[in-house]
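Structure file data15.cif; described as mmCIF, C-alpha atoms.
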```cif
data_structure
loop_
_atom_site.label_atom_id
_atom_site.label_comp_id
_atom_site.auth_asym_id
_atom_site.auth_seq_id
_atom_site.Cartn_x
_atom_site.Cartn_y
_atom_site.Cartn_z
CA GLU Q 1 33.94 8.19 -12.49
CA ASP Q 2 31.87 5.13 -11.51
CA TYR Q 3 28.19 4.89 -12.40
CA ALA Q 4 25.69 2.65 -10.63
CA VAL Q 5 23.47 0.71 -13.00
CA ASP Q 6 19.99 -0.31 -11.89
CA PRO Q 7 19.80 -4.05 -12.77
CA ASN Q 8 16.04 -3.73 -13.40
CA PHE Q 9 16.30 -0.69 -15.68
CA PHE Q 10 15.38 -2.56 -18.88
CA ASP Q 11 12.52 -4.59 -17.40
CA GLU Q 12 9.17 -4.10 -19.09
CA GLY Q 13 7.10 -1.35 -17.48
CA TYR Q 14 9.95 -0.23 -15.22
CA ALA Q 15 10.28 3.50 -14.52
CA LEU Q 16 11.09 6.00 -11.78
CA ALA Q 17 7.93 4.97 -9.94
CA GLY Q 18 9.16 1.37 -9.94
CA ALA Q 19 12.63 2.32 -8.72
CA THR Q 20 11.21 4.01 -5.62
CA GLY Q 21 9.41 0.79 -4.73
CA PHE Q 22 12.64 -0.78 -3.49
CA LYS Q 23 12.72 1.71 -0.60
CA VAL Q 24 10.55 1.86 2.52
CA TRP Q 25 8.92 5.27 2.91
CA THR Q 26 7.51 7.12 5.91
CA GLY Q 27 3.93 6.56 4.79
CA SER Q 28 4.36 2.81 5.28
CA ARG Q 29 5.15 3.24 8.97
CA LEU Q 30 2.16 5.47 9.63
CA MET Q 31 -0.10 3.07 7.73
CA ILE Q 32 0.98 0.21 10.00
CA GLU Q 33 0.67 2.33 13.15
CA THR Q 34 -2.81 3.47 12.14
CA LEU Q 35 -4.24 0.08 11.17
CA ALA Q 36 -2.40 -2.26 13.53
CA TRP Q 37 -1.61 -0.29 16.70
CA PRO Q 38 -4.92 0.85 18.26
CA GLN Q 39 -4.87 3.99 20.42
CA ASN Q 40 -7.42 5.12 23.00
CA GLU Q 41 -8.07 8.31 21.04
CA ASP Q 42 -8.86 6.52 17.77
CA CYS Q 43 -12.30 7.32 16.36
CA GLU Q 44 -14.98 4.62 16.27
CA GLY Q 45 -14.68 4.27 12.49
CA LEU Q 46 -10.97 3.54 12.74
CA LYS Q 47 -11.52 1.08 15.59
CA GLU Q 48 -13.93 -0.86 13.37
CA ILE Q 49 -11.37 -0.91 10.53
CA GLN Q 50 -8.70 -2.18 12.95
CA ARG Q 51 -11.04 -4.89 14.23
CA ARG Q 52 -11.85 -6.12 10.72
CA ILE Q 53 -8.22 -6.06 9.57
CA SER Q 54 -7.15 -8.25 12.49
CA SER Q 55 -10.09 -10.61 11.91
CA GLY Q 56 -9.61 -11.87 8.36
CA ALA Q 57 -10.56 -8.93 6.14
CA ARG Q 58 -9.61 -9.31 2.46
CA LEU Q 59 -7.15 -6.61 1.35
CA ILE Q 60 -5.51 -5.71 -1.92
CA GLU Q 61 -2.40 -3.56 -1.61
CA LEU Q 62 -1.49 -1.35 -4.57
CA GLY Q 63 2.16 -0.40 -5.01
CA SER Q 64 3.37 -2.78 -2.31
CA GLY Q 65 7.06 -2.04 -2.91
CA VAL Q 66 9.06 -4.55 -0.88
CA GLY Q 67 5.91 -5.71 0.93
CA VAL Q 68 6.31 -4.26 4.43
CA VAL Q 69 2.72 -3.14 4.98
CA GLY Q 70 0.99 -6.11 3.39
CA THR Q 71 3.21 -8.58 5.24
CA TYR Q 72 2.55 -6.90 8.59
CA LEU Q 73 -1.21 -6.75 8.13
CA SER Q 74 -1.24 -10.38 7.03
CA ALA Q 75 0.68 -11.39 10.14
CA ILE Q 76 -1.93 -9.81 12.43
CA GLY Q 77 -4.83 -11.59 10.73
CA SER Q 78 -5.69 -10.18 7.29
CA GLN Q 79 -5.82 -11.95 3.94
CA VAL Q 80 -3.69 -9.76 1.67
CA LEU Q 81 -3.00 -9.73 -2.06
CA LEU Q 82 0.16 -7.65 -2.54
CA THR Q 83 0.61 -6.08 -5.98
CA ASP Q 84 3.15 -3.97 -7.84
CA LEU Q 85 5.05 -3.94 -11.11
CA SER Q 86 6.39 -7.35 -12.11
CA THR Q 87 9.99 -6.34 -11.36
CA LEU Q 88 9.10 -5.63 -7.74
CA VAL Q 89 6.97 -8.74 -7.36
CA GLU Q 90 9.72 -11.01 -8.70
CA ASN Q 91 12.72 -9.35 -7.02
CA ALA Q 92 11.29 -8.08 -3.73
CA ILE Q 93 7.75 -9.02 -2.72
CA GLU Q 94 7.71 -12.73 -3.48
CA PRO Q 95 11.17 -13.46 -1.99
CA ASN Q 96 10.30 -11.44 1.12
CA LEU Q 97 7.02 -13.31 1.60
CA VAL Q 98 8.88 -16.63 1.41
CA ARG Q 99 11.49 -15.41 3.92
CA ASN Q 100 8.81 -14.23 6.33
CA GLU Q 101 6.88 -17.48 5.96
CA LYS Q 102 9.95 -19.41 7.15
CA ILE Q 103 10.67 -16.99 9.99
CA MET Q 104 7.09 -16.91 11.26
CA ALA Q 105 6.71 -20.68 10.95
CA SER Q 106 9.76 -21.19 13.15
CA THR Q 107 8.54 -18.77 15.83
CA SER Q 108 4.77 -19.24 15.58
CA THR Q 109 2.73 -19.92 18.72
CA ILE Q 110 -0.38 -20.82 16.71
CA SER Q 111 -1.56 -24.33 17.59
CA SER Q 112 -2.44 -26.94 15.02
CA SER Q 113 -6.13 -26.42 15.82
CA ASP Q 114 -5.77 -22.89 14.43
CA GLU Q 115 -4.62 -24.12 11.02
CA TYR Q 116 -6.93 -23.69 8.08
CA SER Q 117 -6.66 -23.92 4.34
CA CYS Q 118 -5.59 -21.10 2.06
CA PRO Q 119 -8.46 -18.66 1.39
CA TRP Q 120 -10.09 -19.44 -1.93
CA TRP Q 121 -9.63 -15.99 -3.44
CA ILE Q 122 -5.81 -16.10 -3.19
CA ALA Q 123 -5.46 -19.86 -3.69
CA PRO Q 124 -3.62 -22.01 -4.56
CA ASP Q 125 -0.32 -20.24 -3.85
CA GLY Q 126 -1.23 -18.26 -0.74
CA ILE Q 127 1.38 -18.15 2.02
CA ARG Q 128 0.53 -18.48 5.72
CA LEU Q 129 2.02 -15.56 7.65
CA GLY Q 130 1.33 -15.43 11.37
CA LYS Q 131 -2.43 -15.20 11.88
CA GLY Q 132 -3.25 -14.45 8.24
CA TRP Q 133 -2.46 -15.18 4.61
CA ALA Q 134 -0.73 -13.40 1.75
CA ASN Q 135 -0.12 -13.79 -1.96
CA CYS Q 136 1.30 -11.51 -4.61
CA THR Q 137 0.77 -10.77 -8.28
CA PRO Q 138 1.95 -8.14 -10.79
CA LEU Q 139 -0.40 -5.20 -11.32
CA ASP Q 140 0.24 -2.26 -13.62
CA TRP Q 141 -2.23 0.60 -13.13
CA THR Q 142 -2.05 1.52 -16.81
CA VAL Q 143 -3.30 -1.92 -17.95
CA PRO Q 144 -6.97 -3.03 -17.64
CA LEU Q 145 -7.57 -4.79 -14.36
CA ASP Q 146 -9.41 -7.74 -15.89
CA GLU Q 147 -6.27 -8.59 -17.85
CA GLN Q 148 -4.25 -8.92 -14.63
CA LEU Q 149 -6.49 -10.15 -11.79
CA THR Q 150 -8.89 -13.05 -11.67
CA LYS Q 151 -12.58 -12.34 -11.12
CA ASP Q 152 -12.32 -13.89 -7.65
CA GLN Q 153 -9.48 -11.53 -6.77
CA SER Q 154 -11.04 -8.31 -8.02
CA SER Q 155 -14.52 -9.00 -6.63
CA SER Q 156 -13.56 -10.11 -3.11
CA ILE Q 157 -12.02 -6.96 -1.66
CA ASP Q 158 -12.95 -5.41 1.70
CA PHE Q 159 -10.18 -2.79 1.74
CA ILE Q 160 -7.81 -1.33 -0.82
CA ILE Q 161 -4.60 -0.03 0.74
CA ALA Q 162 -1.71 1.97 -0.69
CA SER Q 163 1.21 3.62 1.10
CA ASP Q 164 2.86 6.72 -0.31
CA VAL Q 165 2.35 5.70 -3.94
CA VAL Q 166 1.38 8.98 -5.66
CA PHE Q 167 4.26 11.34 -4.93
CA LEU Q 168 4.21 12.35 -8.61
CA ALA Q 169 1.08 14.16 -9.81
CA SER Q 170 1.12 12.17 -13.04
CA MET Q 171 0.37 8.95 -11.13
CA MET Q 172 -2.91 10.04 -9.56
CA ASN Q 173 -5.31 9.35 -12.42
CA SER Q 174 -4.07 5.82 -13.12
CA LEU Q 175 -4.16 4.96 -9.41
CA LEU Q 176 -7.72 6.21 -8.93
CA HIS Q 177 -8.87 4.52 -12.13
CA THR Q 178 -7.59 1.21 -10.73
CA VAL Q 179 -9.27 1.91 -7.39
CA ASP Q 180 -12.53 2.74 -9.18
CA THR Q 181 -12.45 -0.56 -11.06
CA ILE Q 182 -11.99 -2.46 -7.79
CA PHE Q 183 -14.75 -0.43 -6.12
CA ASN Q 184 -17.12 -1.54 -8.88
CA ALA Q 185 -15.97 -5.17 -8.97
CA SER Q 186 -16.27 -5.54 -5.17
CA ALA Q 187 -19.31 -3.29 -4.73
CA SER Q 188 -21.19 -5.93 -2.73
CA ASN Q 189 -18.48 -5.70 -0.03
CA ASN Q 190 -18.71 -1.90 0.23
CA PRO Q 191 -14.89 -1.53 0.15
CA SER Q 192 -12.97 1.57 1.13
CA PHE Q 193 -9.58 2.83 -0.01
CA ILE Q 194 -7.00 3.61 2.69
CA LEU Q 195 -4.18 5.80 1.39
CA SER Q 196 -1.13 7.10 3.23
CA PHE Q 197 0.35 10.24 1.73
CA GLN Q 198 3.46 12.30 2.52
CA ARG Q 199 3.65 15.91 1.43
CA ARG Q 200 6.60 16.62 -0.87
CA ASP Q 201 5.66 20.09 -2.09
CA ALA Q 202 7.64 22.06 0.50
CA LYS Q 203 9.35 24.25 -2.10
CA ASP Q 204 6.43 24.99 -4.42
CA GLY Q 205 3.55 24.49 -2.00
CA GLU Q 206 0.09 23.58 -3.22
CA GLY Q 207 0.98 25.03 -6.63
CA SER Q 208 3.55 22.30 -7.30
CA ALA Q 209 3.29 20.96 -10.85
CA ALA Q 210 5.46 17.88 -10.33
CA PHE Q 211 4.48 16.60 -6.90
CA THR Q 212 1.04 15.52 -5.73
CA THR Q 213 -0.32 17.93 -3.12
CA VAL Q 214 -2.88 17.50 -0.37
CA ASP Q 215 -5.27 19.75 -2.28
CA GLY Q 216 -4.55 17.67 -5.38
CA VAL Q 217 -5.53 14.45 -3.62
CA ILE Q 218 -8.74 15.99 -2.28
CA ALA Q 219 -9.66 17.50 -5.65
CA ALA Q 220 -9.06 14.22 -7.53
CA VAL Q 221 -11.22 12.30 -5.04
CA GLU Q 222 -14.03 14.86 -5.09
CA LEU Q 223 -13.98 14.94 -8.90
CA ARG Q 224 -15.04 11.29 -8.85
CA GLY Q 225 -17.80 12.00 -6.35
CA TRP Q 226 -16.09 10.07 -3.56
CA SER Q 227 -15.77 11.07 0.09
CA LEU Q 228 -12.50 11.48 2.00
CA GLY Q 229 -11.76 11.46 5.70
CA CYS Q 230 -8.48 11.66 7.62
CA LEU Q 231 -7.77 8.70 9.90
CA ALA Q 232 -4.33 9.84 11.07
CA TRP Q 233 -1.76 12.63 10.71
CA ARG Q 234 1.86 12.99 11.80
CA PRO Q 235 4.50 15.71 11.45
CA VAL Q 236 7.83 14.28 10.23
CA THR Q 237 11.35 15.51 9.64
CA VAL Q 238 12.82 14.48 6.30
CA ARG Q 239 16.59 14.46 5.87
CA LYS Q 240 17.76 15.33 2.36
CA GLU Q 241 21.17 15.46 0.73
CA THR Q 242 21.73 17.83 -2.20
CA GLU Q 243 25.19 18.15 -3.74
CA GLY Q 244 26.79 16.90 -0.56
CA GLU Q 245 24.82 19.20 1.74
CA VAL Q 246 22.48 17.56 4.25
CA THR Q 247 19.39 19.46 5.37
CA ASP Q 248 16.30 18.66 7.44
CA GLU Q 249 12.86 19.62 6.17
CA LEU Q 250 9.56 19.50 8.01
CA SER Q 251 6.76 17.58 6.33
CA GLU Q 252 3.46 15.86 7.08
CA VAL Q 253 2.11 12.35 6.57
CA PHE Q 254 -1.60 11.58 6.35
CA VAL Q 255 -3.70 8.42 6.26
CA PHE Q 256 -6.95 9.00 4.38
CA GLU Q 257 -10.00 6.79 4.06
CA ILE Q 258 -11.70 7.20 0.70
CA LYS Q 259 -15.16 5.83 -0.06
CA PRO Q 260 -17.22 5.76 -3.28
#
```
Using the file provided, produce a representation of the structure as C-alpha coordinates.
Amino acid sequence: EDYAVDPNFFDEGYALAGATGFKVWTGSRLMIETLAWPQNEDCEGLKEIQRRISSGARLIELGSGVGVVGTYLSAIGSQVLLTDLSTLVENAIEPNLVRNEKIMASTSTISSSDEYSCPWWIAPDGIRLGKGWANCTPLDWTVPLDEQLTKDQSSSIDFIIASDVVFLASMMNSLLHTVDTIFNASASNNPSFILSFQRRDAKDGEGSAAFTTVDGVIAAVELRGWSLGCLAWRPVTVRKETEGEVTDELSEVFVFEIKP
(Lines of atoms letter the chains of each structure in order from A and count residues from 1; the text may use other names and numbers.)
(Lines give C-alpha, C1' and ligand atoms only; values in the text may rest on other atoms or scores of the structure.)
Protein backbone atom coordinates (compact mmCIF):
# COMPACT_ATOMS: atom_id res chain seq x y z
CA GLU A 1 0.00 0.00 0.00
CA ASP A 2 1.25 3.50 -0.91
CA TYR A 3 1.28 6.30 1.64
CA ALA A 4 1.33 10.00 0.78
CA VAL A 5 3.85 11.97 2.79
CA ASP A 6 3.23 15.65 3.49
CA PRO A 7 6.53 17.35 2.51
CA ASN A 8 5.96 20.02 5.19
CA PHE A 9 5.20 17.58 8.01
CA PHE A 10 8.46 18.20 9.91
CA ASP A 11 8.46 21.99 9.55
CA GLU A 12 8.53 23.91 12.81
CA GLY A 13 5.05 24.76 14.08
CA TYR A 14 3.33 22.64 11.43
CA ALA A 15 0.16 20.77 12.44
CA LEU A 16 -3.29 19.78 11.21
CA ALA A 17 -4.31 23.43 11.21
CA GLY A 18 -1.40 24.21 8.90
CA ALA A 19 -2.20 21.33 6.55
CA THR A 20 -5.72 22.66 5.94
CA GLY A 21 -4.24 25.98 4.87
CA PHE A 22 -3.22 24.55 1.49
CA LYS A 23 -6.91 24.20 0.56
CA VAL A 24 -9.43 26.90 -0.35
CA TRP A 25 -12.54 26.67 1.83
CA THR A 26 -16.11 27.87 1.36
CA GLY A 27 -15.68 30.68 3.87
CA SER A 28 -13.12 32.33 1.59
CA ARG A 29 -15.63 32.68 -1.22
CA LEU A 30 -18.30 34.22 0.98
CA MET A 31 -15.74 36.61 2.48
CA ILE A 32 -14.85 37.87 -1.00
CA GLU A 33 -18.49 38.11 -2.07
CA THR A 34 -19.39 40.03 1.09
CA LEU A 35 -16.52 42.54 1.03
CA ALA A 36 -15.93 42.97 -2.70
CA TRP A 37 -19.26 42.39 -4.46
CA PRO A 38 -21.76 45.01 -3.20
CA GLN A 39 -25.46 44.14 -3.32
CA ASN A 40 -28.45 46.48 -3.18
CA GLU A 41 -29.70 44.80 -0.02
CA ASP A 42 -26.43 45.26 1.90
CA CYS A 43 -26.80 47.19 5.15
CA GLU A 44 -25.26 50.65 5.49
CA GLY A 45 -22.53 49.35 7.80
CA LEU A 46 -21.42 46.79 5.23
CA LYS A 47 -21.51 49.36 2.44
CA GLU A 48 -19.12 51.54 4.45
CA ILE A 49 -16.77 48.58 4.99
CA GLN A 50 -16.85 47.83 1.24
CA ARG A 51 -16.10 51.47 0.42
CA ARG A 52 -13.11 51.59 2.76
CA ILE A 53 -11.71 48.25 1.58
CA SER A 54 -11.73 49.40 -2.05
CA SER A 55 -10.18 52.75 -1.08
CA GLY A 56 -6.88 51.83 0.56
CA ALA A 57 -7.84 50.43 3.97
CA ARG A 58 -5.03 48.66 5.84
CA LEU A 59 -5.84 44.99 6.47
CA ILE A 60 -4.11 42.16 8.24
CA GLU A 61 -5.30 38.68 7.28
CA LEU A 62 -4.88 35.90 9.84
CA GLY A 63 -4.59 32.34 8.55
CA SER A 64 -4.30 33.41 4.91
CA GLY A 65 -3.75 29.87 3.62
CA VAL A 66 -2.79 30.14 -0.04
CA GLY A 67 -3.69 33.84 -0.08
CA VAL A 68 -6.92 33.95 -2.10
CA VAL A 69 -8.81 36.48 0.02
CA GLY A 70 -5.92 38.82 0.75
CA THR A 71 -4.83 38.84 -2.88
CA TYR A 72 -8.35 39.63 -4.10
CA LEU A 73 -8.90 42.46 -1.62
CA SER A 74 -5.50 43.90 -2.48
CA ALA A 75 -6.36 43.85 -6.18
CA ILE A 76 -9.51 45.94 -5.61
CA GLY A 77 -7.66 48.60 -3.62
CA SER A 78 -6.69 47.49 -0.10
CA GLN A 79 -3.27 47.37 1.51
CA VAL A 80 -3.02 43.83 2.90
CA LEU A 81 -0.54 42.05 5.14
CA LEU A 82 -1.16 38.32 4.66
CA THR A 83 -0.04 36.06 7.52
CA ASP A 84 0.07 32.38 8.36
CA LEU A 85 2.50 29.75 9.60
CA SER A 86 5.95 30.02 8.02
CA THR A 87 5.42 26.86 5.94
CA LEU A 88 2.40 28.41 4.23
CA VAL A 89 4.07 31.78 3.75
CA GLU A 90 7.14 30.24 2.13
CA ASN A 91 5.43 27.55 0.04
CA ALA A 92 2.09 29.15 -0.89
CA ILE A 93 1.46 32.80 -0.05
CA GLU A 94 4.70 34.40 -1.17
CA PRO A 95 4.98 32.45 -4.47
CA ASN A 96 1.32 33.17 -5.24
CA LEU A 97 1.76 36.90 -4.60
CA VAL A 98 4.71 36.96 -7.01
CA ARG A 99 2.72 35.07 -9.66
CA ASN A 100 -0.22 37.44 -9.32
CA GLU A 101 2.06 40.47 -9.46
CA LYS A 102 3.33 39.33 -12.86
CA ILE A 103 -0.15 38.48 -14.15
CA MET A 104 -1.71 41.75 -13.01
CA ALA A 105 1.22 43.81 -14.28
CA SER A 106 0.79 42.31 -17.75
CA THR A 107 -2.96 42.97 -17.84
CA SER A 108 -3.19 46.18 -15.80
CA THR A 109 -5.08 49.18 -17.16
CA ILE A 110 -3.74 51.48 -14.43
CA SER A 111 -1.92 54.44 -15.98
CA SER A 112 1.50 55.60 -14.88
CA SER A 113 -0.12 58.58 -13.15
CA ASP A 114 -1.80 56.11 -10.79
CA GLU A 115 1.52 54.68 -9.61
CA TYR A 116 2.62 55.37 -6.07
CA SER A 117 5.24 54.05 -3.72
CA CYS A 118 4.80 51.06 -1.44
CA PRO A 119 2.85 51.97 1.72
CA TRP A 120 5.23 52.59 4.59
CA TRP A 121 3.72 50.03 6.95
CA ILE A 122 4.38 47.08 4.60
CA ALA A 123 7.57 48.48 3.05
CA PRO A 124 10.08 47.76 1.67
CA ASP A 125 8.96 44.47 0.14
CA GLY A 126 5.33 45.23 -0.63
CA ILE A 127 3.99 43.97 -3.95
CA ARG A 128 1.71 46.02 -6.22
CA LEU A 129 -1.40 44.01 -7.07
CA GLY A 130 -4.01 45.71 -9.22
CA LYS A 131 -5.24 48.81 -7.38
CA GLY A 132 -3.63 47.92 -4.05
CA TRP A 133 -0.62 46.46 -2.29
CA ALA A 134 0.22 43.25 -0.44
CA ASN A 135 2.99 41.75 1.63
CA CYS A 136 3.26 38.61 3.72
CA THR A 137 4.94 37.49 6.91
CA PRO A 138 4.82 34.43 9.20
CA LEU A 139 2.51 34.72 12.20
CA ASP A 140 1.92 32.01 14.79
CA TRP A 141 -1.01 32.75 17.10
CA THR A 142 0.69 30.96 19.99
CA VAL A 143 3.73 33.29 19.93
CA PRO A 144 3.64 36.90 21.24
CA LEU A 145 2.74 39.32 18.49
CA ASP A 146 5.56 41.76 19.24
CA GLU A 147 8.05 39.00 18.48
CA GLN A 148 6.65 38.58 14.97
CA LEU A 149 5.31 41.92 13.68
CA THR A 150 6.92 45.32 13.62
CA LYS A 151 5.32 48.13 15.60
CA ASP A 152 4.31 49.81 12.34
CA GLN A 153 2.55 46.64 11.21
CA SER A 154 0.64 45.92 14.40
CA SER A 155 -0.41 49.52 15.05
CA SER A 156 -1.64 50.43 11.56
CA ILE A 157 -4.61 48.11 11.11
CA ASP A 158 -8.10 49.20 9.99
CA PHE A 159 -9.53 45.68 9.61
CA ILE A 160 -8.52 42.22 10.74
CA ILE A 161 -9.86 39.49 8.46
CA ALA A 162 -9.87 35.71 8.75
CA SER A 163 -11.66 33.12 6.62
CA ASP A 164 -12.76 29.80 8.10
CA VAL A 165 -9.77 29.54 10.45
CA VAL A 166 -11.31 28.15 13.67
CA PHE A 167 -12.97 24.91 12.63
CA LEU A 168 -11.38 23.25 15.69
CA ALA A 169 -12.58 24.50 19.08
CA SER A 170 -9.03 24.40 20.42
CA MET A 171 -7.99 27.20 18.04
CA MET A 172 -10.45 29.84 19.26
CA ASN A 173 -8.58 31.18 22.28
CA SER A 174 -5.27 31.68 20.48
CA LEU A 175 -7.01 33.39 17.55
CA LEU A 176 -8.94 35.80 19.76
CA HIS A 177 -5.87 36.53 21.87
CA THR A 178 -4.04 37.57 18.68
CA VAL A 179 -7.02 39.67 17.60
CA ASP A 180 -7.14 41.32 21.04
CA THR A 181 -3.47 42.26 20.81
CA ILE A 182 -4.05 43.88 17.41
CA PHE A 183 -7.16 45.66 18.70
CA ASN A 184 -5.04 47.23 21.44
CA ALA A 185 -2.06 48.05 19.22
CA SER A 186 -4.27 49.70 16.57
CA ALA A 187 -6.81 51.20 18.96
CA SER A 188 -6.49 54.67 17.42
CA ASN A 189 -7.85 53.24 14.14
CA ASN A 190 -10.89 51.65 15.80
CA PRO A 191 -10.37 48.36 13.91
CA SER A 192 -12.94 45.59 13.56
CA PHE A 193 -12.49 41.87 13.04
CA ILE A 194 -14.28 40.28 10.08
CA LEU A 195 -14.53 36.50 10.40
CA SER A 196 -16.08 33.99 8.02
CA PHE A 197 -17.17 30.77 9.66
CA GLN A 198 -18.60 27.51 8.31
CA ARG A 199 -20.56 25.22 10.60
CA ARG A 200 -19.03 21.74 10.89
CA ASP A 201 -21.02 20.40 13.83
CA ALA A 202 -23.76 18.67 11.81
CA LYS A 203 -23.39 15.37 13.67
CA ASP A 204 -23.04 16.62 17.24
CA GLY A 205 -24.78 19.98 16.93
CA GLU A 206 -23.99 22.82 19.29
CA GLY A 207 -22.73 20.28 21.83
CA SER A 208 -19.76 19.33 19.63
CA ALA A 209 -16.55 19.04 21.65
CA ALA A 210 -14.16 18.97 18.70
CA PHE A 211 -15.59 21.51 16.27
CA THR A 212 -16.20 25.20 16.87
CA THR A 213 -19.93 25.96 16.89
CA VAL A 214 -21.87 29.14 16.20
CA ASP A 215 -22.79 29.35 19.88
CA GLY A 216 -19.12 28.77 20.70
CA VAL A 217 -18.03 31.72 18.57
CA ILE A 218 -20.67 33.99 20.10
CA ALA A 219 -19.82 32.90 23.65
CA ALA A 220 -16.07 33.41 23.15
CA VAL A 221 -16.65 36.91 21.74
CA GLU A 222 -19.07 37.91 24.50
CA LEU A 223 -16.69 36.59 27.16
CA ARG A 224 -14.21 39.26 26.07
CA GLY A 225 -16.87 41.95 26.18
CA TRP A 226 -16.88 42.42 22.40
CA SER A 227 -19.89 42.87 20.13
CA LEU A 228 -20.78 40.64 17.18
CA GLY A 229 -22.98 41.25 14.16
CA CYS A 230 -23.72 39.12 11.09
CA LEU A 231 -22.82 40.75 7.76
CA ALA A 232 -23.74 37.78 5.56
CA TRP A 233 -25.09 34.23 5.65
CA ARG A 234 -25.34 31.47 3.04
CA PRO A 235 -26.63 27.89 3.04
CA VAL A 236 -24.13 25.51 1.40
CA THR A 237 -23.99 21.86 0.41
CA VAL A 238 -20.80 20.09 1.47
CA ARG A 239 -19.78 16.92 -0.34
CA LYS A 240 -17.95 14.40 1.85
CA GLU A 241 -16.34 11.06 1.15
CA THR A 242 -16.13 8.48 3.96
CA GLU A 243 -14.71 5.03 3.26
CA GLY A 244 -15.49 5.39 -0.41
CA GLU A 245 -19.06 6.60 0.11
CA VAL A 246 -19.90 10.11 -1.08
CA THR A 247 -22.63 12.04 0.71
CA ASP A 248 -23.97 15.60 0.62
CA GLU A 249 -24.54 17.50 3.86
CA LEU A 250 -26.27 20.82 4.35
CA SER A 251 -24.31 23.48 6.21
CA GLU A 252 -24.16 27.24 6.74
CA VAL A 253 -21.49 29.89 6.26
CA PHE A 254 -21.49 33.19 8.13
CA VAL A 255 -19.50 36.41 7.92
CA PHE A 256 -19.36 38.14 11.30
CA GLU A 257 -18.11 41.59 12.22
CA ILE A 258 -16.60 41.67 15.70
CA LYS A 259 -15.78 44.89 17.53
CA PRO A 260 -14.07 45.55 20.89
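The result of the PyMOL selection byres ((chain Q and resi 65-75) around 7) on the shown file is Q:Gly21, Q:Phe22, Q:Ser28, Q:Ile32, Q:Glu61, Q:Gly63, Q:Ser64, Q:Ile76, Q:Gly77, Q:Ser78, Q:Gln79, Q:Val80, Q:Leu82, Q:Asp84, Q:Leu88, Q:Ala92, Q:Ile93, Q:Leu129, Q:Gly130, Q:Lys131, Q:Gly132, Q:Trp133, Q:Ala134.
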Take the PyMOL selection byres ((chain Q and resi 192) around 10), run it mentally on this structure, and tell me the resulting residues as a short mmCIF file (atom, residue, chain, number, x, y, z; two decimals) with C-alpha atoms, in the frame of the given file.
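File written: result36.cif
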```
data_model
loop_
_atom_site.label_atom_id
_atom_site.label_comp_id
_atom_site.auth_asym_id
_atom_site.auth_seq_id
_atom_site.Cartn_x
_atom_site.Cartn_y
_atom_site.Cartn_z
CA ILE Q 49 -11.37 -0.91 10.53
CA ILE Q 157 -12.02 -6.96 -1.66
CA ASP Q 158 -12.95 -5.41 1.70
CA PHE Q 159 -10.18 -2.79 1.74
CA ILE Q 160 -7.81 -1.33 -0.82
CA ILE Q 161 -4.60 -0.03 0.74
CA VAL Q 179 -9.27 1.91 -7.39
CA ILE Q 182 -11.99 -2.46 -7.79
CA PHE Q 183 -14.75 -0.43 -6.12
CA ALA Q 187 -19.31 -3.29 -4.73
CA ASN Q 189 -18.48 -5.70 -0.03
CA ASN Q 190 -18.71 -1.90 0.23
CA PRO Q 191 -14.89 -1.53 0.15
CA PHE Q 193 -9.58 2.83 -0.01
CA ILE Q 194 -7.00 3.61 2.69
CA LEU Q 195 -4.18 5.80 1.39
CA SER Q 227 -15.77 11.07 0.09
CA LEU Q 228 -12.50 11.48 2.00
CA GLU Q 257 -10.00 6.79 4.06
CA ILE Q 258 -11.70 7.20 0.70
CA LYS Q 259 -15.16 5.83 -0.06
CA PRO Q 260 -17.22 5.76 -3.28
#
```
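Here CA of Ser186 (chain Q) stands at a distance of 18.0 Å from CA of Ala123 (chain Q).
Once the PyMOL selection byres ((chain Q and resi 237) around 6) is applied to this file, the selection holds Q:Val236, Q:Val238, Q:Glu249, Q:Leu250.
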Compute the distance from (1.0, 10.5, 3.8) to each atom, counting only C-alpha atoms, keep the residues with any atom at most 8 Å away, and return them as a PyMOL selection string; use the coordinates of the file.
chain Q and resi 26-27+30+163-164+195-199+233+252-255
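Straight-line separation from CA of Leu149 (chain Q) to CA of Leu175 (chain Q): 15.5 Å.
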Skip Cys136 (chain Q) itself and residues of its chain fewer than 4 positions away, then list as an mmCIF file with C-alpha atoms, in the coordinates of the input all residues within 7 Å of it, counting all atoms listed in the file.
```cif
data_model
loop_
_atom_site.group_PDB
_atom_site.id
_atom_site.type_symbol
_atom_site.label_atom_id
_atom_site.label_comp_id
_atom_site.auth_asym_id
_atom_site.auth_seq_id
_atom_site.Cartn_x
_atom_site.Cartn_y
_atom_site.Cartn_z
ATOM 1 C CA LEU Q 81 -3.000 -9.730 -2.060
ATOM 2 C CA LEU Q 82 0.160 -7.650 -2.540
ATOM 3 C CA THR Q 83 0.610 -6.080 -5.980
ATOM 4 C CA VAL Q 89 6.970 -8.740 -7.360
ATOM 5 C CA GLU Q 94 7.710 -12.730 -3.480
#
```
